[in-house]
$ cat input11.tsv   # TSV, C-alpha atoms (C1' of nucleotides)
chain	number	residue	atom	x	y	z
A	233	MET	CA	88.16	-80.40	51.70
A	234	PRO	CA	91.14	-79.02	49.85
A	235	ASN	CA	90.24	-75.37	50.22
A	236	SER	CA	93.50	-73.72	49.40
A	237	ASP	CA	93.64	-75.34	46.00
A	238	ARG	CA	90.18	-74.42	44.92
A	239	ALA	CA	91.05	-70.98	43.61
A	240	GLU	CA	93.89	-72.42	41.58
A	241	LEU	CA	91.69	-75.08	40.08
A	242	GLU	CA	89.08	-72.55	39.11
A	243	VAL	CA	91.43	-70.34	37.13
A	244	SER	CA	93.50	-73.13	35.69
A	245	ALA	CA	93.05	-73.14	31.94
A	246	THR	CA	94.75	-76.47	31.32
A	247	GLU	CA	92.73	-78.42	33.86
A	248	PRO	CA	89.24	-79.68	33.10
A	249	ALA	CA	86.65	-77.15	34.20
A	250	ASP	CA	85.84	-77.31	37.89
A	251	CYS	CA	82.08	-77.49	37.65
A	252	THR	CA	81.70	-78.86	41.15
A	253	ARG	CA	79.23	-76.85	43.20
A	254	TRP	CA	81.29	-76.54	46.35
A	255	LEU	CA	79.68	-75.81	49.67
A	256	ASP	CA	79.46	-72.17	50.65
A	257	THR	CA	80.47	-71.07	54.12
A	258	GLU	CA	77.04	-71.50	55.62
A	259	GLU	CA	76.63	-74.95	54.17
A	260	GLN	CA	80.12	-75.90	55.24
A	261	ARG	CA	79.38	-74.95	58.83
A	262	ALA	CA	76.02	-76.63	58.88
A	263	TRP	CA	77.51	-79.75	57.39
A	264	ARG	CA	80.34	-80.03	59.89
A	265	ALA	CA	78.08	-79.27	62.80
A	266	PHE	CA	75.69	-81.96	61.65
A	267	LEU	CA	78.50	-84.49	61.25
A	268	ARG	CA	79.73	-83.76	64.74
A	269	ALA	CA	76.30	-83.93	66.27
A	270	ALA	CA	75.35	-87.16	64.55
A	271	ALA	CA	78.62	-88.82	65.44
A	272	GLN	CA	78.43	-87.74	69.05
A	273	VAL	CA	74.87	-88.86	69.49
A	274	ASP	CA	75.54	-92.20	67.94
A	275	ASP	CA	78.67	-92.77	69.96
A	276	ALA	CA	77.02	-91.77	73.20
A	277	LEU	CA	74.06	-94.07	72.70
A	278	ASP	CA	76.13	-96.94	71.49
A	279	ARG	CA	78.42	-96.72	74.47
A	280	GLN	CA	75.62	-96.38	76.96
A	281	LEU	CA	73.77	-99.40	75.64
A	282	GLN	CA	76.87	-101.50	75.25
A	283	ARG	CA	77.91	-100.72	78.78
A	284	ASP	CA	74.56	-100.99	80.55
A	285	ALA	CA	72.68	-103.50	78.44
A	286	GLY	CA	75.35	-105.43	76.57
A	287	MET	CA	74.03	-104.64	73.13
A	288	PRO	CA	74.81	-102.12	70.43
A	289	HIS	CA	72.31	-99.47	69.50
A	290	ALA	CA	71.43	-101.26	66.26
A	291	TYR	CA	70.31	-104.30	68.20
A	292	TYR	CA	68.26	-102.22	70.57
A	293	GLN	CA	66.46	-100.75	67.60
A	294	VAL	CA	65.63	-104.22	66.35
A	295	LEU	CA	64.12	-105.17	69.68
A	296	ALA	CA	62.27	-101.87	69.93
A	297	MET	CA	60.66	-102.20	66.51
A	298	LEU	CA	59.63	-105.77	67.18
A	299	SER	CA	58.14	-104.78	70.53
A	300	GLU	CA	55.71	-102.42	68.83
A	301	ALA	CA	54.69	-104.74	66.02
A	302	PRO	CA	51.55	-106.89	66.10
A	303	ASP	CA	52.39	-110.17	67.80
A	304	ARG	CA	55.86	-108.72	68.31
A	305	THR	CA	56.58	-110.10	64.88
A	306	LEU	CA	57.92	-108.58	61.69
A	307	ARG	CA	59.10	-109.81	58.42
A	308	MET	CA	62.85	-109.45	57.95
A	309	SER	CA	62.51	-107.05	55.05
A	310	GLN	CA	60.12	-104.79	56.96
A	311	LEU	CA	62.35	-104.88	59.98
A	312	ALA	CA	65.29	-103.93	57.81
A	313	GLY	CA	63.37	-100.95	56.51
A	314	LEU	CA	62.33	-99.81	59.96
A	315	THR	CA	65.85	-99.99	61.31
A	316	THR	CA	67.52	-98.51	58.23
A	317	SER	CA	69.75	-101.51	57.82
A	318	SER	CA	70.71	-103.72	54.93
A	319	ALA	CA	69.33	-107.22	54.59
A	320	SER	CA	72.74	-108.63	55.38
A	321	ARG	CA	73.25	-106.54	58.46
A	322	LEU	CA	69.86	-107.45	59.80
A	323	SER	CA	70.39	-111.11	59.10
A	324	HIS	CA	73.63	-111.11	61.07
A	325	ALA	CA	72.04	-109.07	63.82
A	326	VAL	CA	69.06	-111.39	64.18
A	327	ALA	CA	71.38	-114.36	64.20
A	328	ARG	CA	73.21	-112.80	67.12
A	329	LEU	CA	70.00	-111.91	68.92
A	330	GLU	CA	68.80	-115.45	68.39
A	331	GLU	CA	71.89	-116.79	70.15
A	332	LYS	CA	71.04	-114.56	73.09
A	333	GLY	CA	67.51	-115.94	73.10
A	334	TRP	CA	65.96	-112.54	72.52
A	335	VAL	CA	64.56	-113.16	69.07
A	336	ARG	CA	63.25	-116.23	67.31
A	337	ARG	CA	62.90	-116.91	63.61
A	338	ASP	CA	59.66	-118.29	62.20
A	339	ARG	CA	58.62	-119.28	58.73
A	340	HIS	CA	56.35	-116.92	56.88
A	341	PRO	CA	52.93	-118.60	56.55
A	342	THR	CA	52.33	-117.86	52.86
A	343	ASP	CA	55.59	-116.71	51.31
A	344	ARG	CA	58.05	-119.51	51.74
A	345	ARG	CA	61.03	-117.29	51.04
A	346	GLY	CA	60.14	-115.07	53.92
A	347	ALA	CA	61.32	-115.25	57.49
A	348	LEU	CA	59.62	-113.70	60.48
A	349	ALA	CA	61.54	-112.27	63.39
A	350	VAL	CA	59.68	-112.69	66.67
A	351	LEU	CA	60.57	-111.01	69.95
A	352	THR	CA	60.75	-113.60	72.72
A	353	ASP	CA	59.72	-112.98	76.31
A	354	ALA	CA	63.37	-112.84	77.27
A	355	GLY	CA	63.89	-110.28	74.52
A	356	TRP	CA	60.99	-108.24	75.84
A	357	ASP	CA	62.49	-108.33	79.31
A	358	ALA	CA	65.88	-107.29	78.04
A	359	LEU	CA	64.27	-104.37	76.22
A	360	VAL	CA	62.25	-103.29	79.25
A	361	ALA	CA	65.39	-103.43	81.34
A	362	ALA	CA	67.38	-101.40	78.85
A	363	ALA	CA	64.76	-98.82	77.94
A	364	PRO	CA	64.97	-96.40	80.89
A	365	GLY	CA	68.71	-95.97	80.62
A	366	HIS	CA	68.45	-95.58	76.90
A	367	VAL	CA	65.75	-92.93	77.12
A	368	SER	CA	67.83	-91.04	79.63
A	369	ALA	CA	70.75	-91.14	77.27
A	370	VAL	CA	68.58	-89.88	74.42
A	371	ARG	CA	67.39	-87.01	76.58
A	372	ALA	CA	70.89	-86.15	77.64
A	373	ALA	CA	72.15	-86.26	74.09
A	374	ILE	CA	69.30	-84.43	72.38
A	375	PHE	CA	66.21	-83.19	74.11
A	376	ASP	CA	67.79	-81.66	77.17
A	377	ARG	CA	69.71	-79.44	74.77
A	378	LEU	CA	66.82	-78.25	72.62
A	379	ASP	CA	63.73	-76.13	73.22
A	380	PRO	CA	60.37	-77.35	71.82
A	381	GLU	CA	60.68	-75.17	68.77
A	382	GLN	CA	64.00	-76.71	67.90
A	383	VAL	CA	62.58	-80.18	68.42
A	384	ALA	CA	59.93	-79.38	65.84
A	385	GLY	CA	62.60	-78.03	63.54
A	386	LEU	CA	64.75	-81.09	63.98
A	387	ARG	CA	61.86	-83.28	63.05
A	388	ALA	CA	60.96	-81.28	59.97
A	389	ILE	CA	64.55	-81.15	58.76
A	390	SER	CA	65.19	-84.80	59.47
A	391	GLU	CA	62.09	-85.84	57.61
A	392	ARG	CA	63.17	-83.78	54.65
A	393	ILE	CA	66.58	-85.43	54.66
A	394	ALA	CA	65.23	-88.92	55.19
A	395	GLY	CA	62.28	-88.60	52.86
A	396	HIS	CA	62.35	-90.63	49.67
A	397	SER	CA	66.09	-91.05	49.96
A	398	GLU	CA	68.43	-93.17	47.90
A	399	ALA	CA	68.07	-90.68	45.05
M	175	MET	CA	60.50	-98.88	73.11
M	176	PRO	CA	58.02	-101.10	74.91
M	177	ASN	CA	55.03	-98.85	74.57
M	178	SER	CA	52.23	-101.19	75.36
M	179	ASP	CA	53.65	-102.01	78.75
M	180	ARG	CA	54.11	-98.49	79.90
M	181	ALA	CA	50.60	-98.00	81.16
M	182	GLU	CA	50.81	-101.19	83.13
M	183	LEU	CA	54.11	-100.21	84.65
M	184	GLU	CA	52.77	-96.85	85.68
M	185	VAL	CA	49.85	-98.23	87.60
M	186	SER	CA	51.64	-101.25	88.96
M	187	ALA	CA	51.89	-100.96	92.72
M	188	THR	CA	54.30	-103.81	93.22
M	189	GLU	CA	56.88	-102.62	90.72
M	190	PRO	CA	59.40	-99.92	91.60
M	191	ALA	CA	58.09	-96.52	90.58
M	192	ASP	CA	58.53	-95.77	86.88
M	193	CYS	CA	60.19	-92.40	87.18
M	194	THR	CA	61.61	-92.52	83.70
M	195	ARG	CA	60.72	-89.44	81.71
M	196	TRP	CA	59.61	-91.14	78.54
M	197	LEU	CA	59.55	-89.33	75.25
M	198	ASP	CA	56.29	-87.67	74.32
M	199	THR	CA	54.84	-88.12	70.86
M	200	GLU	CA	56.59	-85.11	69.38
M	201	GLU	CA	59.94	-86.12	70.79
M	202	GLN	CA	59.41	-89.67	69.67
M	203	ARG	CA	58.79	-88.59	66.10
M	204	ALA	CA	61.67	-86.15	66.07
M	205	TRP	CA	63.96	-88.78	67.48
M	206	ARG	CA	63.08	-91.43	64.97
M	207	ALA	CA	63.26	-89.03	62.08
M	208	PHE	CA	66.67	-87.93	63.23
M	209	LEU	CA	67.90	-91.49	63.56
M	210	ARG	CA	66.71	-92.28	60.07
M	211	ALA	CA	68.21	-89.17	58.57
M	212	ALA	CA	71.56	-89.60	60.25
M	213	ALA	CA	71.79	-93.25	59.31
M	214	GLN	CA	70.85	-92.61	55.71
M	215	VAL	CA	73.28	-89.76	55.28
M	216	ASP	CA	76.09	-91.72	56.79
M	217	ASP	CA	75.36	-94.79	54.72
M	218	ALA	CA	75.08	-92.83	51.50
M	219	LEU	CA	78.35	-91.03	52.02
M	220	ASP	CA	80.19	-94.09	53.17
M	221	ARG	CA	79.08	-96.07	50.18
M	222	GLN	CA	79.82	-93.34	47.70
M	223	LEU	CA	83.33	-92.84	49.01
M	224	GLN	CA	84.05	-96.52	49.34
M	225	ARG	CA	82.90	-97.13	45.81
M	226	ASP	CA	84.45	-94.13	44.08
M	227	ALA	CA	87.52	-93.42	46.17
M	228	GLY	CA	88.25	-96.65	47.99
M	229	MET	CA	88.06	-95.18	51.46
M	230	PRO	CA	85.47	-94.96	54.18
M	231	HIS	CA	84.04	-91.61	55.18
M	232	ALA	CA	86.05	-91.56	58.38
M	233	TYR	CA	89.28	-91.71	56.40
M	234	TYR	CA	88.15	-88.97	54.09
M	235	GLN	CA	87.54	-86.76	57.09
M	236	VAL	CA	91.06	-87.40	58.30
M	237	LEU	CA	92.51	-86.33	54.97
M	238	ALA	CA	90.20	-83.33	54.79
M	239	MET	CA	91.19	-82.03	58.21
M	240	LEU	CA	94.85	-82.49	57.50
M	241	SER	CA	94.51	-80.68	54.18
M	242	GLU	CA	93.32	-77.55	55.94
M	243	ALA	CA	95.89	-77.57	58.71
M	244	PRO	CA	99.09	-75.55	58.62
M	245	ASP	CA	101.77	-77.60	56.89
M	246	ARG	CA	99.05	-80.19	56.38
M	247	THR	CA	100.07	-81.44	59.77
M	248	LEU	CA	98.17	-82.10	62.96
M	249	ARG	CA	98.85	-83.73	66.23
M	250	MET	CA	97.04	-87.01	66.68
M	251	SER	CA	95.00	-85.78	69.61
M	252	GLN	CA	93.86	-82.67	67.74
M	253	LEU	CA	93.02	-84.71	64.69
M	254	ALA	CA	91.01	-87.06	66.84
M	255	GLY	CA	89.05	-84.13	68.21
M	256	LEU	CA	88.39	-82.68	64.76
M	257	THR	CA	87.14	-85.98	63.40
M	258	THR	CA	85.15	-86.96	66.46
M	259	SER	CA	87.01	-90.19	66.83
M	260	SER	CA	88.68	-91.98	69.69
M	261	ALA	CA	92.44	-92.11	69.98
M	262	SER	CA	92.37	-95.78	69.15
M	263	ARG	CA	90.24	-95.38	66.10
M	264	LEU	CA	92.40	-92.62	64.77
M	265	SER	CA	95.55	-94.57	65.42
M	266	HIS	CA	94.22	-97.50	63.43
M	267	ALA	CA	92.99	-95.19	60.70
M	268	VAL	CA	96.30	-93.39	60.34
M	269	ALA	CA	98.10	-96.72	60.27
M	270	ARG	CA	95.92	-97.73	57.37
M	271	LEU	CA	96.36	-94.41	55.60
M	272	GLU	CA	100.10	-94.72	56.09
M	273	GLU	CA	100.08	-98.06	54.30
M	274	LYS	CA	98.35	-96.37	51.40
M	275	GLY	CA	101.02	-93.69	51.40
M	276	TRP	CA	98.50	-90.92	52.02
M	277	VAL	CA	99.66	-89.91	55.48
M	278	ARG	CA	103.03	-89.96	57.21
M	279	ARG	CA	103.83	-89.96	60.90
M	280	ASP	CA	106.39	-87.56	62.32
M	281	ARG	CA	107.75	-87.06	65.78
M	282	HIS	CA	106.51	-84.06	67.69
M	283	PRO	CA	109.42	-81.59	68.02
M	284	THR	CA	109.03	-80.80	71.72
M	285	ASP	CA	106.68	-83.34	73.27
M	286	ARG	CA	108.27	-86.70	72.72
M	287	ARG	CA	105.05	-88.58	73.44
M	288	GLY	CA	103.31	-86.82	70.63
M	289	ALA	CA	102.98	-87.95	67.06
M	290	LEU	CA	102.20	-85.73	64.09
M	291	ALA	CA	100.11	-86.87	61.19
M	292	VAL	CA	101.20	-85.30	57.92
M	293	LEU	CA	99.27	-85.39	54.66
M	294	THR	CA	101.55	-86.55	51.86
M	295	ASP	CA	101.36	-85.32	48.29
M	296	ALA	CA	99.78	-88.59	47.30
M	297	GLY	CA	97.25	-88.08	50.08
M	298	TRP	CA	96.50	-84.59	48.80
M	299	ASP	CA	95.97	-85.96	45.32
M	300	ALA	CA	93.68	-88.68	46.60
M	301	LEU	CA	91.65	-86.08	48.45
M	302	VAL	CA	91.43	-83.75	45.46
M	303	ALA	CA	90.29	-86.66	43.33
M	304	ALA	CA	87.66	-87.72	45.84
M	305	ALA	CA	86.35	-84.30	46.80
M	306	PRO	CA	84.01	-83.49	43.89
M	307	GLY	CA	82.14	-86.76	44.11
M	308	HIS	CA	81.92	-86.42	47.85
M	309	VAL	CA	80.55	-82.90	47.69
M	310	SER	CA	77.95	-84.02	45.18
M	311	ALA	CA	76.92	-86.78	47.52
M	312	VAL	CA	76.64	-84.33	50.40
M	313	ARG	CA	74.46	-82.07	48.31
M	314	ALA	CA	72.26	-84.93	47.21
M	315	ALA	CA	71.90	-86.19	50.78
M	316	ILE	CA	71.37	-82.86	52.53
M	317	PHE	CA	71.43	-79.51	50.84
M	318	ASP	CA	69.36	-80.33	47.78
M	319	ARG	CA	66.59	-81.24	50.18
M	320	LEU	CA	66.65	-78.15	52.38
M	321	ASP	CA	65.93	-74.48	51.85
M	322	PRO	CA	68.37	-71.89	53.26
M	323	GLU	CA	66.28	-71.34	56.35
M	324	GLN	CA	66.40	-75.02	57.16
M	325	VAL	CA	70.14	-75.08	56.60
M	326	ALA	CA	70.50	-72.37	59.21
M	327	GLY	CA	68.21	-74.32	61.51
M	328	LEU	CA	70.17	-77.49	60.99
M	329	ARG	CA	73.34	-75.72	61.93
M	330	ALA	CA	71.88	-74.14	65.06
M	331	ILE	CA	70.36	-77.40	66.23
M	332	SER	CA	73.45	-79.42	65.46
M	333	GLU	CA	75.65	-77.00	67.34
M	334	ARG	CA	73.36	-77.24	70.32
M	335	ILE	CA	73.53	-81.01	70.25
M	336	ALA	CA	77.27	-81.13	69.68
M	337	GLY	CA	78.16	-78.34	72.06
M	338	HIS	CA	80.09	-79.29	75.17
M	339	SER	CA	78.95	-82.85	74.90
M	340	GLU	CA	80.02	-85.88	76.90
M	341	ALA	CA	77.91	-84.64	79.80
G	43	DG	C1'	53.33	-124.74	33.01
G	44	DA	C1'	58.01	-123.39	31.90
G	45	DC	C1'	61.25	-119.69	31.50
G	46	DG	C1'	63.36	-115.19	32.91
G	47	DG	C1'	63.62	-111.89	35.98
G	48	DA	C1'	62.68	-109.96	40.42
G	49	DT	C1'	62.45	-110.54	45.48
G	50	DA	C1'	63.84	-112.52	50.21
G	51	DG	C1'	67.17	-113.94	52.87
G	52	DT	C1'	71.70	-116.16	54.25
G	53	DT	C1'	76.61	-116.78	54.28
G	54	DG	C1'	81.77	-116.00	54.52
G	55	DA	C1'	85.66	-113.09	53.89
G	56	DA	C1'	87.51	-108.62	54.51
G	57	DT	C1'	87.57	-104.38	56.96
G	58	DG	C1'	86.80	-100.97	60.45
G	59	DC	C1'	85.63	-99.98	65.25
G	60	DT	C1'	85.54	-100.70	70.39
G	61	DC	C1'	87.44	-101.89	74.56
G	62	DA	C1'	91.02	-102.90	77.72
G	63	DA	C1'	95.71	-103.20	78.52
G	64	DC	C1'	99.83	-101.23	77.86
G	65	DA	C1'	104.15	-98.15	77.26
G	66	DA	C1'	106.34	-93.87	77.29
G	67	DA	C1'	106.80	-89.32	78.54
G	68	DG	C1'	105.36	-84.92	80.59
G	69	DA	C1'	103.65	-82.40	84.96
G	70	DC	C1'	103.45	-81.62	89.62
G	71	DG	C1'	104.28	-81.85	94.67
G	72	DG	C1'	107.11	-82.83	98.21
S	68	DC	C1'	115.30	-85.16	91.93
S	69	DC	C1'	111.92	-88.74	93.07
S	70	DG	C1'	107.40	-90.74	93.10
S	71	DT	C1'	102.97	-90.32	91.47
S	72	DC	C1'	99.35	-88.87	88.46
S	73	DT	C1'	98.01	-87.50	83.99
S	74	DT	C1'	98.40	-87.24	79.12
S	75	DT	C1'	99.50	-89.29	74.61
S	76	DG	C1'	99.50	-92.77	71.69
S	77	DT	C1'	99.75	-97.81	70.22
S	78	DT	C1'	98.35	-102.60	70.15
S	79	DG	C1'	95.57	-106.93	69.84
S	80	DA	C1'	91.36	-109.37	70.47
S	81	DG	C1'	86.55	-109.41	69.71
S	82	DC	C1'	82.64	-107.85	67.51
S	83	DA	C1'	79.67	-105.41	63.86
S	84	DT	C1'	79.12	-104.11	59.16
S	85	DT	C1'	79.95	-104.41	54.26
S	86	DC	C1'	80.27	-106.55	49.92
S	87	DA	C1'	79.75	-110.20	46.76
S	88	DA	C1'	78.12	-114.56	45.87
S	89	DC	C1'	74.67	-117.76	46.48
S	90	DT	C1'	70.00	-120.35	47.23
S	91	DA	C1'	65.26	-120.41	47.20
S	92	DT	C1'	60.92	-118.71	46.05
S	93	DC	C1'	57.61	-115.85	43.78
S	94	DC	C1'	55.66	-113.43	39.75
S	95	DG	C1'	54.54	-112.35	35.13
S	96	DT	C1'	54.46	-113.80	30.40
S	97	DC	C1'	54.40	-116.41	26.48

$ encode --input "input11.tsv" --output "structure tokens"
Amino acid sequence: MPNSDRAELEVSATEPADCTRWLDTEEQRAWRAFLRAAAQVDDALDRQLQRDAGMPHAYYQVLAMLSEAPDRTLRMSQLAGLTTSSASRLSHAVARLEEKGWVRRDRHPTDRRGALAVLTDAGWDALVAAAPGHVSAVRAAIFDRLDPEQVAGLRAISERIAGHSEA
Amino acid sequence: MPNSDRAELEVSATEPADCTRWLDTEEQRAWRAFLRAAAQVDDALDRQLQRDAGMPHAYYQVLAMLSEAPDRTLRMSQLAGLTTSSASRLSHAVARLEEKGWVRRDRHPTDRRGALAVLTDAGWDALVAAAPGHVSAVRAAIFDRLDPEQVAGLRAISERIAGHSEA
DNA sequence: GACGGATAGTTGAATGCTCAACAAAGACGG
DNA sequence: CCGTCTTTGTTGAGCATTCAACTATCCGTC
């Protein structure tokens, strides 16, 4: 952020009033630390999965959510919600996973607009094969670095941030 | 993660021992909440900047870091470190920013391998124009949802996660 | 039951990112 | 100095994501 100019802007009489609530020092530090942490975690996991399992993290999440669903089946819109991805992104992702034979698309029984994503046996196997390495990576990136109290804090803070978003 | 199979794997005598340290319930919840939060924050900021300032968040970060550097100049490698991006990514990004006239590349005075990224006046203006909206988005995504204690916690936890990474 | 609007999902083009390969220059050891 | 190893940065191909446009279906209402 353009720090050095802020003072000037604030006292400038000819400029429109600077009513922006800038971040204070504490917020600034928390914000940058969070950015760093999030980026590093995401990069580490993405690389690990791409290298060891041949899929990006987003695709792993799709398989993981399907694996826990009844009949290993979810509606596209629900799956999109669970994986925090747009309809378009998920559609492309499922198309790719379908090519790999890991996911299949079925018609929704009652709503003819709907599509159901179903985890295939091959998809299950791919997930089971990828899971241990992934969990290790998650531990290395997060939980090995935090004590239980911090884990609880991380959860509480994350839920606050994620809760009822899209203001 | 393939939960329902875990019990089977653990008691299976013919399979190789499952020595993976899976996530317990608390870790699981913290992990998923964190994933959600990080994804939402990143998406919100990326969209806001793309819409209002015509640049992705990663590019904004490049401009922001340059704006705070002496002479608004940084070596590529340093800039990569500050923005948590790979050399390649940064190189592409700076190329793009150069086309827009927001950043210029200079030779490093002593190390002839090195390149210096310099924020132009137009780049400064673009950053100043984008900053208020961006800060608002950051507030809406993070700080409006947390009390000061949680902000301190977020910082501490993030620094732990980010610290000396790339194990 | 027909219309208007909302919802579900797909598609293609444009853009950014990753990976691997590369070039160019410094650093170091003999 | 000469060869090798490391560091710095760029490049191009391939892939993932985004955005906008589109189709199809459902829902509520008159």

$ interface_residues --input "input11.tsv" --of "chain M" --to "chain G" --cutoff "8 Å" --atoms "all atoms listed in the file" --output "PDB file with C-alpha atoms, in the frame of the given file"
ATOM      1  CA  ARG M 263      90.240 -95.380  66.100  1.00  0.00           C
ATOM      2  CA  ASP M 285     106.680 -83.340  73.270  1.00  0.00           C
ATOM      3  CA  ARG M 286     108.270 -86.700  72.720  1.00  0.00           C
ATOM      4  CA  ARG M 287     105.050 -88.580  73.440  1.00  0.00           C
TER       5      ARG M 287
END

$ closest_atom_pairs --input "input11.tsv" --of "chain A" --to "chain S" --cutoff "12 Å" --atoms "all atoms listed in the file" --output "tab-separated table"
residue	atom	partner	partner_atom	distance
A:Asp278	CA	S:DA83	C1'	11.9
A:Gln282	CA	S:DC82	C1'	11.6
A:Gly286	CA	S:DC82	C1'	11.9
A:Met287	CA	S:DC82	C1'	10.8
A:Pro288	CA	S:DA83	C1'	8.8
A:His289	CA	S:DA83	C1'	11.0
A:Ala290	CA	S:DA83	C1'	9.5
A:Tyr291	CA	S:DA83	C1'	10.4
A:Ser317	CA	S:DT84	C1'	9.8
A:Ser318	CA	S:DT85	C1'	9.3
A:Ala319	CA	S:DT85	C1'	11.0
A:Ser320	CA	S:DT85	C1'	8.4
A:Arg321	CA	S:DT84	C1'	6.4
A:Leu322	CA	S:DT84	C1'	9.9
A:Ser323	CA	S:DT84	C1'	11.2
A:His324	CA	S:DA83	C1'	8.8
A:Ala325	CA	S:DA83	C1'	8.5
A:Arg328	CA	S:DA83	C1'	10.3
A:His340	CA	S:DT92	C1'	11.9
A:Thr342	CA	S:DC93	C1'	10.7
A:Asp343	CA	S:DT92	C1'	7.8
A:Arg344	CA	S:DT92	C1'	6.4
A:Arg345	CA	S:DT92	C1'	5.2
A:Gly346	CA	S:DT92	C1'	8.7
A:Ala347	CA	S:DT92	C1'	12.0

$ write_last_selection --input "input11.tsv" --atoms "C-alpha atoms" --output "compact mmCIF listing (two decimals), keeping the file's coordinate frame"
# COMPACT_ATOMS: atom_id res chain seq x y z
CA ASP A 278 76.13 -96.94 71.49
CA GLN A 282 76.87 -101.50 75.25
CA GLY A 286 75.35 -105.43 76.57
CA MET A 287 74.03 -104.64 73.13
CA PRO A 288 74.81 -102.12 70.43
CA HIS A 289 72.31 -99.47 69.50
CA ALA A 290 71.43 -101.26 66.26
CA TYR A 291 70.31 -104.30 68.20
CA SER A 317 69.75 -101.51 57.82
CA SER A 318 70.71 -103.72 54.93
CA ALA A 319 69.33 -107.22 54.59
CA SER A 320 72.74 -108.63 55.38
CA ARG A 321 73.25 -106.54 58.46
CA LEU A 322 69.86 -107.45 59.80
CA SER A 323 70.39 -111.11 59.10
CA HIS A 324 73.63 -111.11 61.07
CA ALA A 325 72.04 -109.07 63.82
CA ARG A 328 73.21 -112.80 67.12
CA HIS A 340 56.35 -116.92 56.88
CA THR A 342 52.33 -117.86 52.86
CA ASP A 343 55.59 -116.71 51.31
CA ARG A 344 58.05 -119.51 51.74
CA ARG A 345 61.03 -117.29 51.04
CA GLY A 346 60.14 -115.07 53.92
CA ALA A 347 61.32 -115.25 57.49

$ interface_residues --input "input11.tsv" --of "chain A" --to "chain M" --cutoff "6 Å" --atoms "all atoms listed in the file" --output "CSV table (one decimal) with C-alpha atoms, in the frame of the given file"
chain,number,residue,atom,x,y,z
A,233,MET,CA,88.2,-80.4,51.7
A,234,PRO,CA,91.1,-79.0,49.8
A,252,THR,CA,81.7,-78.9,41.2
A,262,ALA,CA,76.0,-76.6,58.9
A,265,ALA,CA,78.1,-79.3,62.8
A,266,PHE,CA,75.7,-82.0,61.6
A,269,ALA,CA,76.3,-83.9,66.3
A,296,ALA,CA,62.3,-101.9,69.9
A,299,SER,CA,58.1,-104.8,70.5
A,364,PRO,CA,65.0,-96.4,80.9
A,374,ILE,CA,69.3,-84.4,72.4
A,387,ARG,CA,61.9,-83.3,63.0
A,390,SER,CA,65.2,-84.8,59.5
A,391,GLU,CA,62.1,-85.8,57.6
A,393,ILE,CA,66.6,-85.4,54.7
A,394,ALA,CA,65.2,-88.9,55.2

$ atom_distance --input "input11.tsv" --atom1 "CA of Ala354 (chain A)" --atom2 "CA of Arg307 (chain A)"
19.6 Å

$ atom_distance --input "input11.tsv" --atom1 "CA of Glu323 (chain M)" --atom2 "CA of Asp256 (chain A)"
14.4 Å

$ atom_distance --input "input11.tsv" --atom1 "CA of Glu273 (chain M)" --atom2 "CA of Ala291 (chain M)"
13.1 Å
